[in-house]
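Structure first, commentary second.
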Amino acid sequence: MSGKVPTYDETHSDKLARKARESPFMPIGIAGLVAVCAIGAYKYKHRGGMSTSVFLMQLRVAAQGTVVAALSIGLGYSMANEYIFNKKE
């Protein structure tokens with residue numbers, strides 16, 4: 001081992017663009033996560049008498065549901081793209 005680290009000419013924005021092309025629902029999942037966190041931060045101020053722990057548990061469930069939905073839609077899109085739209089006869 002020479003101990004050298006390989007260098008790449010890919011910037012962070014190039015890497016994000018490449019990952020988005022490889023997996024188009026990744027940016028949608030990230031946007032959903034940001035949206036849930038923003039809505040959660042707003043609703044935290046207006047939660048009323050609800051305890052913080054209960055609120056955070058509900059927020060976690062909403063965030064996980066968003067991620068699972070994005071993954072499911074992405075998987076369905078990938079399957080449809082592979083088996084339906086690219087049918088070889």
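Every chain in the structure tokens takes a letter, A first, then B, and so on in the order presented; its residues are numbered from 1, and the ligands are numbered from 1 following the presented order.
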Exercise for review: Find the residues around segment 61-74 of chain A up to 12 Å (only C-alpha atoms counted), leave out those fewer than 6 positions away in its own chain, and share them as a list in words.
Suggested key: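 The residues satisfying every condition are Ala20, Glu22, Ser23, Pro24, Phe25, Met26, Pro27, Ile28, Gly29, Ile30, Ala31, Gly32, Leu33, Val34, Ala35, Val36, Cys37, Ala38, Ile39, Gly40, Val54, Phe55, Ala80 and Asn81 of chain A.
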Just-selected residues, C-alpha atoms written as a tab-separated table (two decimals), in the first residue's frame:
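Saved as again25.tsv:
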chain	number	residue	atom	x	y	z
A	20	ALA	CA	-29.84	12.41	-8.69
A	22	GLU	CA	-28.88	7.49	-10.87
A	23	SER	CA	-31.71	7.67	-8.33
A	24	PRO	CA	-34.27	10.34	-9.27
A	25	PHE	CA	-36.29	9.97	-6.08
A	26	MET	CA	-33.35	10.75	-3.78
A	27	PRO	CA	-33.83	14.54	-4.11
A	28	ILE	CA	-37.57	14.06	-3.60
A	29	GLY	CA	-36.89	12.13	-0.38
A	30	ILE	CA	-34.49	14.82	0.83
A	31	ALA	CA	-37.02	17.55	0.01
A	32	GLY	CA	-39.70	15.59	1.89
A	33	LEU	CA	-37.43	15.26	4.91
A	34	VAL	CA	-36.70	19.01	4.88
A	35	ALA	CA	-40.42	19.75	4.56
A	36	VAL	CA	-41.34	17.49	7.49
A	37	CYS	CA	-38.61	19.06	9.63
A	38	ALA	CA	-39.73	22.59	8.72
A	39	ILE	CA	-43.38	21.82	9.43
A	40	GLY	CA	-42.36	20.11	12.67
A	54	VAL	CA	-45.01	12.73	22.35
A	55	PHE	CA	-44.58	15.48	19.77
A	80	ALA	CA	-42.06	0.09	-14.20
A	81	ASN	CA	-39.18	1.63	-16.09
Exercise for review: Would you kindly return, as a list in words, each protein, DNA or RNA residue with an atom no farther than 12 Å from any atom of Thr52 of chain A, considering only C-alpha atoms and excluding same-chain residues fewer than 6 positions away?
Suggested key: Gly40, Ala41, Lys43, Tyr44, Lys45, His46, Gln58 and Leu59 of chain A
Take the residues just selected and output them with N, CA, C and O atoms as a PDB file, in the first residue's frame.
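again_37.pdb, freshly written:
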ATOM      1  N   GLY A  40     -42.495  20.501  11.264  1.00  0.00           N
ATOM      2  CA  GLY A  40     -42.359  20.107  12.666  1.00  0.00           C
ATOM      3  C   GLY A  40     -41.833  21.228  13.532  1.00  0.00           C
ATOM      4  O   GLY A  40     -42.283  21.429  14.666  1.00  0.00           O
ATOM      5  N   ALA A  41     -40.854  21.989  13.020  1.00  0.00           N
ATOM      6  CA  ALA A  41     -40.312  23.111  13.788  1.00  0.00           C
ATOM      7  C   ALA A  41     -41.384  24.177  13.997  1.00  0.00           C
ATOM      8  O   ALA A  41     -41.481  24.764  15.083  1.00  0.00           O
ATOM      9  N   LYS A  43     -44.734  23.655  13.974  1.00  0.00           N
ATOM     10  CA  LYS A  43     -45.783  23.120  14.846  1.00  0.00           C
ATOM     11  C   LYS A  43     -45.309  22.939  16.285  1.00  0.00           C
ATOM     12  O   LYS A  43     -46.126  22.888  17.199  1.00  0.00           O
ATOM     13  N   TYR A  44     -44.007  22.837  16.493  1.00  0.00           N
ATOM     14  CA  TYR A  44     -43.482  22.686  17.850  1.00  0.00           C
ATOM     15  C   TYR A  44     -43.828  23.912  18.693  1.00  0.00           C
ATOM     16  O   TYR A  44     -44.140  23.788  19.874  1.00  0.00           O
ATOM     17  N   LYS A  45     -43.797  25.080  18.074  1.00  0.00           N
ATOM     18  CA  LYS A  45     -44.138  26.306  18.807  1.00  0.00           C
ATOM     19  C   LYS A  45     -45.615  26.335  19.175  1.00  0.00           C
ATOM     20  O   LYS A  45     -45.997  26.944  20.163  1.00  0.00           O
ATOM     21  N   HIS A  46     -46.456  25.681  18.372  1.00  0.00           N
ATOM     22  CA  HIS A  46     -47.904  25.748  18.557  1.00  0.00           C
ATOM     23  C   HIS A  46     -48.480  24.387  18.952  1.00  0.00           C
ATOM     24  O   HIS A  46     -49.570  24.036  18.521  1.00  0.00           O
ATOM     25  N   GLN A  58     -44.280  11.639  17.271  1.00  0.00           N
ATOM     26  CA  GLN A  58     -45.152  11.818  16.117  1.00  0.00           C
ATOM     27  C   GLN A  58     -44.382  12.389  14.928  1.00  0.00           C
ATOM     28  O   GLN A  58     -44.612  11.993  13.786  1.00  0.00           O
ATOM     29  N   LEU A  59     -43.463  13.296  15.200  1.00  0.00           N
ATOM     30  CA  LEU A  59     -42.639  13.866  14.135  1.00  0.00           C
ATOM     31  C   LEU A  59     -41.739  12.794  13.512  1.00  0.00           C
ATOM     32  O   LEU A  59     -41.567  12.747  12.297  1.00  0.00           O
TER      33      LEU A  59
END
